[in-house]
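Text of the file my_file31.csv, holding CSV, C-alpha atoms and all ligand atoms:
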```csv
chain,number,residue,atom,x,y,z
A,903,MET,CA,13.1,26.9,-21.4
A,904,LYS,CA,14.4,23.4,-21.9
A,905,ALA,CA,17.3,23.9,-19.5
A,906,LYS,CA,14.8,24.4,-16.7
A,907,LEU,CA,12.7,21.4,-17.4
A,908,SER,CA,14.7,19.0,-15.1
A,909,SER,CA,14.1,21.2,-12.1
A,910,ILE,CA,10.8,21.3,-10.3
A,911,ILE,CA,8.9,24.5,-10.7
A,912,GLU,CA,7.7,25.7,-7.3
A,913,VAL,CA,4.5,27.7,-7.1
A,914,GLN,CA,2.5,28.7,-4.1
A,915,ALA,CA,-1.1,29.4,-3.7
A,916,PRO,CA,-3.3,32.5,-3.1
A,917,VAL,CA,-5.3,33.9,-0.2
A,918,ALA,CA,-3.0,34.1,2.7
A,919,VAL,CA,-0.9,36.4,4.8
A,920,LYS,CA,1.9,38.1,2.9
A,921,THR,CA,5.1,37.9,4.9
A,922,GLU,CA,7.4,39.9,2.6
A,923,GLU,CA,7.7,41.6,-0.8
A,924,PRO,CA,6.5,39.1,-3.4
A,925,LYS,CA,9.4,37.0,-4.6
A,926,LYS,CA,9.3,36.6,-8.4
A,927,LYS,CA,10.6,33.3,-9.6
A,928,PRO,CA,11.0,33.0,-13.4
A,929,GLU,CA,8.7,30.0,-13.7
A,930,CYS,CA,5.8,31.0,-11.4
A,931,TYR,CA,2.4,32.3,-12.4
A,932,GLY,CA,0.9,35.5,-11.1
A,933,VAL,CA,-0.5,35.1,-7.6
A,934,PHE,CA,1.3,31.7,-7.2
A,935,CYS,CA,4.6,33.7,-7.0
A,936,LEU,CA,3.7,35.3,-3.7
A,937,THR,CA,5.0,33.8,-0.5
A,938,TYR,CA,2.6,33.2,2.4
A,939,ASP,CA,2.6,32.4,6.0
A,940,LEU,CA,0.7,29.2,6.1
A,941,LYS,CA,1.1,28.7,9.8
A,942,ALA,CA,-0.9,31.9,10.5
A,943,GLU,CA,-3.7,30.4,8.3
A,944,GLU,CA,-3.6,27.1,10.1
A,945,GLU,CA,-3.9,28.9,13.4
A,946,THR,CA,-6.8,31.2,12.5
A,947,LYS,CA,-8.8,28.7,10.6
A,948,SER,CA,-7.9,25.5,12.6
A,949,TRP,CA,-6.8,23.9,9.4
A,950,LYS,CA,-4.9,20.6,9.5
A,951,LYS,CA,-1.3,20.3,8.6
A,952,LEU,CA,-0.6,20.7,4.9
A,953,ILE,CA,-0.4,17.4,2.9
A,954,ASN,CA,1.7,16.8,-0.2
A,955,ILE,CA,-0.1,15.0,-3.0
A,956,ALA,CA,1.9,13.9,-6.0
A,957,VAL,CA,0.1,13.2,-9.3
A,958,SER,CA,1.7,11.7,-12.4
A,959,GLY,CA,0.2,12.1,-15.8
A,960,ALA,CA,-0.9,15.4,-14.5
A,961,ALA,CA,-1.5,17.0,-17.9
A,962,GLY,CA,-3.8,14.2,-19.0
A,963,MET,CA,-7.6,13.9,-19.2
A,964,ILE,CA,-8.1,12.0,-15.9
A,965,SER,CA,-6.0,14.5,-14.0
A,966,ASN,CA,-7.8,17.4,-15.5
A,967,HIS,CA,-10.9,16.2,-13.7
A,968,LEU,CA,-9.1,14.9,-10.6
A,969,LEU,CA,-6.9,17.9,-9.7
A,970,PHE,CA,-9.8,20.3,-9.4
A,971,LYS,CA,-11.7,17.9,-7.1
A,972,LEU,CA,-8.6,17.6,-4.9
A,973,ALA,CA,-8.1,21.3,-4.8
A,974,SER,CA,-11.8,22.0,-4.0
A,975,GLY,CA,-11.6,20.1,-0.7
A,976,GLU,CA,-14.2,17.5,-1.7
A,977,VAL,CA,-11.6,14.7,-1.3
A,978,PHE,CA,-9.7,15.4,1.9
A,979,GLY,CA,-12.2,17.8,3.5
A,980,PRO,CA,-12.7,21.5,4.0
A,981,ASP,CA,-10.1,21.9,6.7
A,982,GLN,CA,-7.3,20.1,4.8
A,983,PRO,CA,-4.8,22.4,2.9
A,984,ILE,CA,-3.0,20.6,0.2
A,985,ALA,CA,0.1,21.0,-2.0
A,986,LEU,CA,-0.1,19.5,-5.5
A,987,LYS,CA,3.1,18.2,-7.0
A,988,LEU,CA,2.4,17.5,-10.6
A,989,LEU,CA,4.6,15.2,-12.7
A,990,GLY,CA,4.6,15.4,-16.5
A,991,SER,CA,6.9,14.6,-19.3
A,992,GLU,CA,9.1,16.8,-21.4
A,993,ARG,CA,6.5,16.6,-24.1
A,994,SER,CA,3.7,17.7,-21.8
A,995,ILE,CA,5.4,20.5,-19.9
A,996,GLN,CA,3.5,23.3,-21.7
A,997,ALA,CA,0.2,21.6,-21.0
A,998,LEU,CA,1.3,21.1,-17.4
A,999,GLU,CA,1.9,24.9,-17.1
A,1000,GLY,CA,-1.6,25.3,-18.5
A,1001,VAL,CA,-3.0,23.1,-15.8
A,1002,ALA,CA,-1.2,25.1,-13.1
A,1003,MET,CA,-2.6,28.3,-14.7
A,1004,GLU,CA,-6.1,27.0,-14.5
A,1005,LEU,CA,-5.6,25.9,-10.9
A,1006,GLU,CA,-4.4,29.4,-10.2
A,1007,ASP,CA,-7.4,31.0,-11.8
A,1008,SER,CA,-9.7,28.8,-9.7
A,1009,LEU,CA,-8.6,30.6,-6.4
A,1010,PHE,CA,-9.1,27.5,-4.3
A,1011,PRO,CA,-8.4,28.5,-0.7
A,1012,LEU,CA,-7.2,25.1,0.3
A,1013,LEU,CA,-4.7,24.8,-2.5
A,1014,ARG,CA,-1.5,26.2,-0.9
A,1015,GLU,CA,1.2,25.1,-3.4
A,1016,VAL,CA,1.5,23.9,-6.9
A,1017,SER,CA,4.7,22.6,-8.3
A,1018,ILE,CA,5.3,21.0,-11.7
A,1019,GLY,CA,8.2,19.0,-12.9
A,1020,ILE,CA,9.4,16.0,-15.0
A,1021,ASP,CA,11.7,14.3,-12.5
A,1022,PRO,CA,10.0,11.9,-10.1
A,1023,TYR,CA,12.9,12.3,-7.6
A,1024,GLU,CA,12.0,16.0,-7.3
A,1025,VAL,CA,8.2,15.8,-7.7
A,1026,PHE,CA,7.7,12.9,-5.2
A,1027,GLN,CA,9.7,14.7,-2.4
A,1028,ASP,CA,7.8,14.2,0.9
A,1029,ALA,CA,4.7,13.0,-1.0
A,1030,GLU,CA,2.1,11.6,1.4
A,1031,TRP,CA,-0.2,10.5,-1.4
A,1032,ALA,CA,1.0,9.5,-4.9
A,1033,LEU,CA,-1.6,9.1,-7.5
A,1034,LEU,CA,0.1,7.4,-10.4
A,1035,ILE,CA,-2.0,8.0,-13.5
A,1036,GLY,CA,0.5,8.5,-16.3
A,1037,ALA,CA,1.2,5.5,-18.5
A,1038,LYS,CA,1.6,4.9,-22.2
A,1039,PRO,CA,-1.5,3.6,-23.9
A,1040,ARG,CA,-1.1,0.5,-26.0
A,1041,GLY,CA,-0.2,1.6,-29.5
A,1042,PRO,CA,-1.2,-0.1,-32.8
A,1043,GLY,CA,0.5,-3.5,-33.2
A,1044,MET,CA,2.0,-3.4,-29.7
A,1045,GLU,CA,2.0,-6.8,-27.9
A,1046,ARG,CA,0.6,-6.8,-24.4
A,1047,ALA,CA,4.0,-8.0,-23.3
A,1048,GLY,CA,5.4,-4.8,-24.9
A,1049,LEU,CA,3.0,-2.7,-23.0
A,1050,LEU,CA,3.9,-4.4,-19.7
A,1051,ASP,CA,7.5,-3.8,-20.3
A,1052,ILE,CA,7.2,-0.1,-21.4
A,1053,ASN,CA,4.9,0.9,-18.6
A,1054,GLY,CA,6.6,-1.4,-16.1
A,1055,GLN,CA,9.8,0.6,-16.6
A,1056,ILE,CA,8.0,3.8,-15.8
A,1057,PHE,CA,6.6,2.3,-12.6
A,1058,ALA,CA,9.9,0.7,-11.6
A,1059,GLU,CA,11.5,4.2,-11.8
A,1060,GLN,CA,8.6,5.8,-10.0
A,1061,GLY,CA,8.8,3.1,-7.3
A,1062,LYS,CA,12.5,3.8,-6.8
A,1063,ALA,CA,11.9,7.6,-6.6
A,1064,LEU,CA,9.1,7.1,-4.0
A,1065,ASN,CA,11.5,4.9,-2.0
A,1066,ALA,CA,14.1,7.6,-2.1
A,1067,VAL,CA,12.2,10.7,-1.4
A,1068,ALA,CA,8.5,10.2,-0.5
A,1069,SER,CA,7.1,10.1,3.0
A,1070,ARG,CA,7.7,6.7,4.6
A,1071,ASN,CA,4.0,6.2,4.9
A,1072,VAL,CA,3.0,7.4,1.5
A,1073,LYS,CA,-0.2,5.9,0.1
A,1074,VAL,CA,0.1,5.0,-3.6
A,1075,ILE,CA,-2.8,4.5,-6.0
A,1076,VAL,CA,-1.7,3.1,-9.3
A,1077,VAL,CA,-4.1,4.0,-12.2
A,1078,GLY,CA,-2.0,3.6,-15.3
A,1079,ASN,CA,-2.6,0.3,-17.0
A,1080,PRO,CA,-2.0,-2.6,-16.5
A,1081,CYS,CA,-2.5,-1.2,-13.1
A,1082,ASN,CA,-2.2,-4.4,-10.9
A,1083,THR,CA,1.1,-5.4,-12.3
A,1084,ASN,CA,2.3,-1.8,-12.4
A,1085,ALA,CA,1.5,-1.5,-8.7
A,1086,LEU,CA,3.4,-4.8,-8.1
A,1087,ILE,CA,6.5,-3.4,-10.0
A,1088,CYS,CA,6.2,-0.1,-8.1
A,1089,LEU,CA,6.1,-1.7,-4.6
A,1090,LYS,CA,8.9,-4.1,-5.4
A,1091,ASN,CA,11.1,-1.1,-6.3
A,1092,ALA,CA,10.2,0.7,-3.1
A,1093,PRO,CA,11.3,-1.8,-0.4
A,1094,ASP,CA,11.3,0.8,2.4
A,1095,ILE,CA,7.6,1.6,2.0
A,1096,PRO,CA,5.1,-0.9,3.3
A,1097,ALA,CA,3.7,-3.1,0.5
A,1098,LYS,CA,0.3,-2.6,2.0
A,1099,ASN,CA,0.4,1.1,1.1
A,1100,PHE,CA,0.1,0.3,-2.7
A,1101,HIS,CA,-3.2,0.1,-4.4
A,1102,ALA,CA,-4.3,-0.6,-8.0
A,1103,LEU,CA,-7.5,1.2,-8.9
A,1104,THR,CA,-10.4,-1.2,-9.3
A,1105,ARG,CA,-12.9,1.2,-7.8
A,1106,LEU,CA,-14.1,2.2,-11.2
A,1107,ASP,CA,-15.0,-1.4,-11.9
A,1108,GLU,CA,-16.8,-1.6,-8.5
A,1109,ASN,CA,-18.8,1.6,-9.4
A,1110,ARG,CA,-19.6,0.1,-12.9
A,1111,ALA,CA,-20.8,-3.1,-11.3
A,1112,LYS,CA,-23.0,-1.3,-8.8
A,1113,CYS,CA,-24.6,0.7,-11.6
A,1114,GLN,CA,-25.4,-2.4,-13.7
A,1115,LEU,CA,-27.0,-4.2,-10.7
A,1116,ALA,CA,-29.1,-1.2,-9.8
A,1117,LEU,CA,-30.3,-0.9,-13.4
A,1118,LYS,CA,-31.3,-4.6,-13.5
A,1119,ALA,CA,-33.0,-4.4,-10.1
A,1120,GLY,CA,-34.7,-1.1,-10.9
A,1121,VAL,CA,-33.3,0.6,-7.8
A,1122,PHE,CA,-31.1,3.6,-7.4
A,1123,TYR,CA,-27.4,2.7,-7.2
A,1124,ASP,CA,-27.0,3.8,-3.6
A,1125,GLN,CA,-29.0,0.6,-2.7
A,1126,VAL,CA,-26.1,-1.6,-3.9
A,1127,SER,CA,-23.5,-2.5,-1.3
A,1128,ASN,CA,-20.8,-5.1,-0.5
A,1129,MET,CA,-19.6,-5.1,-4.1
A,1130,THR,CA,-16.3,-6.8,-4.6
A,1131,ILE,CA,-14.2,-6.8,-7.7
A,1132,TRP,CA,-11.8,-9.7,-7.5
A,1133,GLY,CA,-8.5,-9.8,-9.4
A,1134,ASN,CA,-7.1,-7.9,-12.3
A,1135,HIS,CA,-8.3,-4.7,-13.8
A,1136,SER,CA,-8.8,-6.5,-17.1
A,1137,THR,CA,-11.4,-8.6,-18.8
A,1138,THR,CA,-10.8,-11.4,-16.4
A,1139,GLN,CA,-11.9,-9.3,-13.4
A,1140,VAL,CA,-14.7,-10.9,-11.4
A,1141,PRO,CA,-17.6,-8.7,-10.2
A,1142,ASP,CA,-18.9,-10.7,-7.3
A,1143,PHE,CA,-22.7,-10.9,-7.3
A,1144,LEU,CA,-22.6,-13.7,-4.7
A,1145,ASN,CA,-21.6,-11.5,-1.8
A,1146,ALA,CA,-23.1,-8.2,-3.1
A,1147,LYS,CA,-26.4,-6.9,-1.7
A,1148,ILE,CA,-29.3,-4.8,-2.9
A,1149,SER,CA,-31.1,-2.9,-0.2
A,1150,GLY,CA,-29.3,-5.2,2.3
A,1151,ILE,CA,-30.6,-8.4,0.6
A,1152,PRO,CA,-28.2,-10.8,-1.3
A,1153,VAL,CA,-28.2,-9.9,-5.0
A,1154,LYS,CA,-29.2,-13.5,-6.0
A,1155,GLU,CA,-32.4,-13.2,-4.0
A,1156,VAL,CA,-33.3,-9.9,-5.7
A,1157,ILE,CA,-32.1,-10.8,-9.3
A,1158,LYS,CA,-33.2,-14.4,-9.9
A,1159,ASP,CA,-31.8,-14.4,-13.4
A,1160,THR,CA,-28.6,-16.3,-12.8
A,1161,LYS,CA,-27.8,-16.5,-16.5
A,1162,TRP,CA,-27.9,-12.7,-16.7
A,1163,LEU,CA,-25.6,-12.4,-13.7
A,1164,GLU,CA,-23.1,-15.0,-14.8
A,1165,GLU,CA,-22.9,-13.9,-18.4
A,1166,GLU,CA,-24.3,-10.5,-19.3
A,1167,PHE,CA,-23.6,-8.7,-16.1
A,1168,THR,CA,-20.1,-10.0,-15.7
A,1169,GLU,CA,-19.1,-9.3,-19.3
A,1170,LYS,CA,-20.7,-5.8,-19.2
A,1171,VAL,CA,-18.6,-4.8,-16.3
A,1172,GLN,CA,-15.4,-6.5,-17.7
A,1173,LYS,CA,-15.8,-4.7,-21.0
A,1174,ARG,CA,-17.3,-1.4,-20.0
A,1175,GLY,CA,-14.0,0.4,-20.5
A,1176,GLY,CA,-13.7,-0.8,-24.1
A,1177,VAL,CA,-17.3,0.2,-24.9
A,1178,LEU,CA,-16.6,3.6,-23.6
A,1179,ILE,CA,-13.5,3.9,-25.7
A,1180,GLN,CA,-15.6,3.1,-28.8
A,1181,LYS,CA,-18.1,5.8,-27.9
A,1182,TRP,CA,-15.6,8.5,-26.8
A,1183,GLY,CA,-12.6,7.6,-29.0
A,1184,ARG,CA,-10.5,7.6,-25.8
A,1185,SER,CA,-10.5,6.0,-22.3
A,1186,SER,CA,-12.9,7.0,-19.6
A,1187,ALA,CA,-11.6,10.0,-17.8
A,1188,ALA,CA,-14.3,11.7,-15.7
A,1189,SER,CA,-15.6,8.5,-14.1
A,1190,THR,CA,-12.0,7.3,-13.5
A,1191,ALA,CA,-11.3,10.6,-11.7
A,1192,VAL,CA,-14.5,10.1,-9.6
A,1193,SER,CA,-13.4,6.6,-8.7
A,1194,ILE,CA,-10.0,7.8,-7.6
A,1195,VAL,CA,-11.8,10.2,-5.3
A,1196,ASP,CA,-13.9,7.4,-4.1
A,1197,ALA,CA,-10.8,5.2,-3.5
A,1198,ILE,CA,-9.1,7.9,-1.5
A,1199,ARG,CA,-12.2,8.8,0.5
A,1200,SER,CA,-12.6,5.1,1.3
A,1201,LEU,CA,-9.2,5.2,3.0
A,1202,VAL,CA,-9.6,8.4,4.9
A,1203,THR,CA,-13.2,7.9,6.1
A,1204,PRO,CA,-14.4,4.9,8.2
A,1205,THR,CA,-16.2,2.3,6.0
A,1206,PRO,CA,-19.9,2.2,6.8
A,1207,GLU,CA,-20.8,-0.7,9.2
A,1208,GLY,CA,-21.2,-4.0,7.3
A,1209,ASP,CA,-20.1,-2.6,4.0
A,1210,TRP,CA,-16.7,-2.8,2.2
A,1211,PHE,CA,-14.9,-1.4,-0.9
A,1212,SER,CA,-12.7,-3.0,-3.6
A,1213,SER,CA,-9.1,-2.2,-4.1
A,1214,GLY,CA,-6.2,-3.9,-5.8
A,1215,VAL,CA,-3.8,-4.7,-2.9
A,1216,TYR,CA,-0.9,-6.9,-2.1
A,1217,THR,CA,-2.0,-10.5,-1.5
A,1218,THR,CA,0.6,-11.7,0.9
A,1219,GLY,CA,-1.2,-12.9,4.1
A,1220,ASN,CA,-4.6,-12.8,2.4
A,1221,PRO,CA,-7.2,-15.1,4.1
A,1222,TYR,CA,-8.8,-16.4,0.9
A,1223,GLY,CA,-6.1,-18.7,-0.4
A,1224,ILE,CA,-5.3,-16.4,-3.4
A,1225,ALA,CA,-1.7,-16.7,-4.6
A,1226,GLU,CA,0.7,-14.6,-2.5
A,1227,ASP,CA,2.9,-11.8,-3.9
A,1228,ILE,CA,0.7,-10.3,-6.5
A,1229,VAL,CA,-1.6,-7.2,-6.5
A,1230,PHE,CA,-5.2,-8.5,-6.6
A,1231,SER,CA,-8.5,-6.7,-6.1
A,1232,MET,CA,-10.2,-7.8,-2.9
A,1233,PRO,CA,-12.8,-6.5,-0.4
A,1234,CYS,CA,-11.4,-4.0,2.1
A,1235,ARG,CA,-12.5,-2.0,5.1
A,1236,SER,CA,-10.9,1.0,6.6
A,1237,LYS,CA,-11.0,2.8,10.0
A,1238,GLY,CA,-10.4,6.0,8.0
A,1239,ASP,CA,-6.7,6.3,9.0
A,1240,GLY,CA,-5.4,5.6,5.4
A,1241,ASP,CA,-4.9,1.9,6.2
A,1242,TYR,CA,-7.3,-1.0,5.5
A,1243,GLU,CA,-8.0,-4.6,6.5
A,1244,LEU,CA,-9.3,-7.4,4.2
A,1245,VAL,CA,-12.8,-8.5,4.9
A,1246,LYS,CA,-13.0,-12.1,6.1
A,1247,ASP,CA,-16.7,-13.0,6.1
A,1248,VAL,CA,-17.2,-13.5,2.4
A,1249,ILE,CA,-18.5,-16.7,0.8
A,1250,PHE,CA,-17.4,-18.5,-2.4
A,1251,ASP,CA,-19.1,-21.0,-4.7
A,1252,ASP,CA,-17.6,-22.9,-7.6
A,1253,TYR,CA,-18.5,-20.3,-10.2
A,1254,LEU,CA,-16.9,-17.5,-8.2
A,1255,TRP,CA,-13.8,-19.5,-7.3
A,1256,ASN,CA,-13.2,-20.7,-10.8
A,1257,ARG,CA,-13.4,-17.2,-12.1
A,1258,ILE,CA,-11.0,-16.0,-9.4
A,1259,LYS,CA,-8.5,-18.7,-10.4
A,1260,LYS,CA,-8.6,-17.4,-14.0
A,1261,THR,CA,-7.9,-13.8,-13.1
A,1262,GLU,CA,-5.2,-15.1,-10.6
A,1263,ALA,CA,-3.6,-17.1,-13.4
A,1264,GLU,CA,-3.5,-14.0,-15.6
A,1265,LEU,CA,-1.8,-12.0,-12.9
A,1266,LEU,CA,0.7,-14.7,-12.2
A,1267,ALA,CA,1.6,-14.8,-15.9
A,1268,GLU,CA,1.9,-10.9,-15.9
A,1269,LYS,CA,4.2,-11.2,-13.0
A,1270,LYS,CA,6.5,-13.6,-14.8
A,1271,CYS,CA,6.5,-11.2,-17.7
A,1272,VAL,CA,8.0,-8.4,-15.6
A,1273,ALA,CA,10.4,-10.4,-13.5
A,1274,HIS,CA,13.2,-8.3,-14.9
A,1275,LEU,CA,11.5,-5.2,-13.3
A,1276,THR,CA,10.8,-6.7,-9.9
A,1277,GLY,CA,14.3,-8.0,-9.3
A,1278,GLU,CA,13.1,-11.6,-9.7
A,1279,GLY,CA,15.3,-12.7,-12.6
A,1280,ILE,CA,14.7,-13.2,-16.3
A,1281,ALA,CA,11.2,-12.4,-17.7
A,1282,VAL,CA,9.3,-15.2,-19.3
A,1283,CYS,CA,6.2,-13.9,-21.1
A,1284,ASP,CA,3.5,-16.4,-21.8
A,1285,LEU,CA,0.3,-14.5,-21.3
A,1286,PRO,CA,-3.1,-16.1,-21.7
A,1287,GLY,CA,-4.2,-15.0,-25.2
A,1288,ASP,CA,-7.8,-14.2,-24.5
A,1289,THR,CA,-7.4,-11.7,-21.7
A,1290,MET,CA,-7.3,-7.9,-22.2
A,1291,LEU,CA,-7.4,-4.6,-20.5
A,1292,PRO,CA,-11.0,-3.3,-20.2
A,1293,GLY,CA,-10.1,-0.9,-23.0
A,1294,GLU,CA,-9.0,-3.5,-25.5
A,1295,MET,CA,-11.7,-5.0,-27.8
A,1301,LIG,C1,-11.2,1.7,-18.2
A,1301,LIG,O1,-11.4,0.7,-17.4
A,1301,LIG,O2,-12.0,2.5,-18.5
A,1301,LIG,C2,-9.8,1.8,-18.7
A,1301,LIG,O3,-8.9,1.1,-17.8
A,1301,LIG,C3,-9.7,1.4,-20.1
A,1301,LIG,C4,-8.3,1.5,-20.7
A,1301,LIG,O4,-7.8,0.5,-21.2
A,1301,LIG,O5,-7.8,2.6,-20.7
```
In structure tokens, what does this structure look like?
Amino acid sequence: MKAKLSSIIEVQAPVAVKTEEPKKKPECYGVFCLTYDLKAEEETKSWKKLINIAVSGAAGMISNHLLFKLASGEVFGPDQPIALKLLGSERSIQALEGVAMELEDSLFPLLREVSIGIDPYEVFQDAEWALLIGAKPRGPGMERAGLLDINGQIFAEQGKALNAVASRNVKVIVVGNPCNTNALICLKNAPDIPAKNFHALTRLDENRAKCQLALKAGVFYDQVSNMTIWGNHSTTQVPDFLNAKISGIPVKEVIKDTKWLEEEFTEKVQKRGGVLIQKWGRSSAASTAVSIVDAIRSLVTPTPEGDWFSSGVYTTGNPYGIAEDIVFSMPCRSKGDGDYELVKDVIFDDYLWNRIKKTEAELLAEKKCVAHLTGEGIAVCDLPGDTMLPGEM
């Protein structure tokens, strides 16, 4: 079995026109081993052209929620066939086969191909979306600088692989922590892919912030809009209650308790991931998967008039005066074409700006810490001591 691990395992999906005798490949599973004429399906069902979605950390908990949403059509739509390219590690290859088997047993009509592998240069071939979830969690006694280095190396390699083999317009969503700096490392190692195409996932933080504001205001969470998370996916992140709205009214006019907003609300959102780890004994998985779905849907559907969404994106050219050349969560709008623009009409006060400067300082320090991975020289690691991933307590 081991000898085969370096090669991608190609499997194809069910429910289609059989073109020839089923070809048995040693690694494929049951119906996935059949070959199909997808073109015929596209013609009869007016389906869109198949898209390739690569997912790293595919045998993990987050992926276990996410992959079935992707395959069901709830993310890209009921007329969008997909191929899933699943990246795991040598250690997780058995589990990855289990994931492929469960996908097989689910008989998703839109899931046309599943392939699994451990080499990003094979798995990322022609990827139009890369959802980079896999990362090492911080182990006992490991310094944050150590985590940045270990995970940074993974994302440097994956950036290089994307640069070599992915679609030139691949959209990359980095989930593995520390996701902002991992996204920066990834984009620096993929110079032939637009830096604008890289995102660090802060949508989970946005969703958490909306939920807390709704709870305090006593409204359902669909009433909360214009919610920006500024900065790093860490305990320095800034949930912006100055620009957010409840039922179209500025939050500060609805929730008059400024002390709650500045202290309790902000900290609750910043540390929600850590509280969840205490309850679950592991990181959030289902809500992270949901927020990845939200993040993708925000890019492939037009943003509702007057609203926006948060994403960690490359700062170069930002209109706010945030330091250039880092990945920072900011308010974005999309026409639904996979691209986005930064929202210009936001306001700042001293409280908000001071908080933004703190999360910016943290990201600048993280950047110096990974200079050896971004091609910017020798790493100097002097991280602010009081900042953490949401999951660290
Ligand atoms: C979360 O926000 O739930 C996670 O990023 C926490 C973590 O550190 O894994």
- Item | Residue nearest Leu972 of chain A - candidates A:Trp1031, A:Phe1026, A:Trp949, A:Tyr1123, atoms counted: only C-alpha atoms |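 Closest residue, counting only C-alpha atoms: A:Trp1031.
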- Spatial neighbours of Glu1243 of chain A, 9 Å, all atoms listed in the file, chain gap at least 3 places, as a list in words: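 Contacts, in chain order: Pro1233, Cys1234, Arg1235, Ser1236 and Lys1237 of chain A.
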- Item | Using all atoms listed in the file: which of A:Ile1020, A:Leu1050, A:Cys1113, A:Ile1224 has the shortest distance to Cys1283 of chain A |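 Closest to Cys1283 of chain A, using all atoms listed in the file: A:Leu1050.
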- Query: Taking into account only C-alpha atoms and all ligand atoms, which residue in the set A:Ser1213, A:Asn1134, A:Thr1160, A:Gln1114 is nearest to ligand LIG 1301 (chain A)?
  - Reply: A:Asn1134
Sorted by chain and rising residue number, list the residues of chain A at most 10 Å from ligand LIG 1301 (chain A) (counting only C-alpha atoms and all ligand atoms), each with its closest atom pair and distance in Å to one decimal, as a Markdown table.
```
| residue | atom | partner | partner_atom | distance |
| --- | --- | --- | --- | --- |
| A:Ala1037 | CA | A:LIG1301 | O5 | 9.7 |
| A:Lys1038 | CA | A:LIG1301 | O5 | 9.8 |
| A:Pro1039 | CA | A:LIG1301 | O5 | 7.1 |
| A:Arg1040 | CA | A:LIG1301 | O4 | 8.2 |
| A:Val1077 | CA | A:LIG1301 | O3 | 7.9 |
| A:Gly1078 | CA | A:LIG1301 | O3 | 7.8 |
| A:Asn1079 | CA | A:LIG1301 | O3 | 6.4 |
| A:Pro1080 | CA | A:LIG1301 | O3 | 7.9 |
| A:Cys1081 | CA | A:LIG1301 | O3 | 8.3 |
| A:Leu1103 | CA | A:LIG1301 | O3 | 9.0 |
| A:Thr1104 | CA | A:LIG1301 | O1 | 8.4 |
| A:Arg1105 | CA | A:LIG1301 | O1 | 9.7 |
| A:Leu1106 | CA | A:LIG1301 | O1 | 6.9 |
| A:Asp1107 | CA | A:LIG1301 | O1 | 6.9 |
| A:Arg1110 | CA | A:LIG1301 | O1 | 9.4 |
| A:His1135 | CA | A:LIG1301 | O3 | 7.1 |
| A:Ser1136 | CA | A:LIG1301 | O3 | 7.6 |
| A:Thr1137 | CA | A:LIG1301 | O1 | 9.4 |
| A:Val1171 | CA | A:LIG1301 | O1 | 9.1 |
| A:Gln1172 | CA | A:LIG1301 | O1 | 8.2 |
| A:Lys1173 | CA | A:LIG1301 | O1 | 7.8 |
| A:Arg1174 | CA | A:LIG1301 | O2 | 6.7 |
| A:Gly1175 | CA | A:LIG1301 | O2 | 3.5 |
| A:Gly1176 | CA | A:LIG1301 | C3 | 6.1 |
| A:Val1177 | CA | A:LIG1301 | O2 | 8.6 |
| A:Leu1178 | CA | A:LIG1301 | O2 | 7.0 |
| A:Ile1179 | CA | A:LIG1301 | C3 | 7.2 |
| A:Arg1184 | CA | A:LIG1301 | O5 | 7.6 |
| A:Ser1185 | CA | A:LIG1301 | O5 | 4.6 |
| A:Ser1186 | CA | A:LIG1301 | O2 | 4.7 |
| A:Ala1187 | CA | A:LIG1301 | O2 | 7.5 |
| A:Ala1188 | CA | A:LIG1301 | O2 | 9.9 |
| A:Ser1189 | CA | A:LIG1301 | O2 | 8.3 |
| A:Thr1190 | CA | A:LIG1301 | O2 | 6.9 |
| A:Met1290 | CA | A:LIG1301 | O4 | 8.5 |
| A:Leu1291 | CA | A:LIG1301 | O4 | 5.2 |
| A:Pro1292 | CA | A:LIG1301 | C3 | 4.9 |
| A:Gly1293 | CA | A:LIG1301 | O4 | 3.2 |
| A:Glu1294 | CA | A:LIG1301 | O4 | 6.0 |
| A:Met1295 | CA | A:LIG1301 | O4 | 9.4 |
```
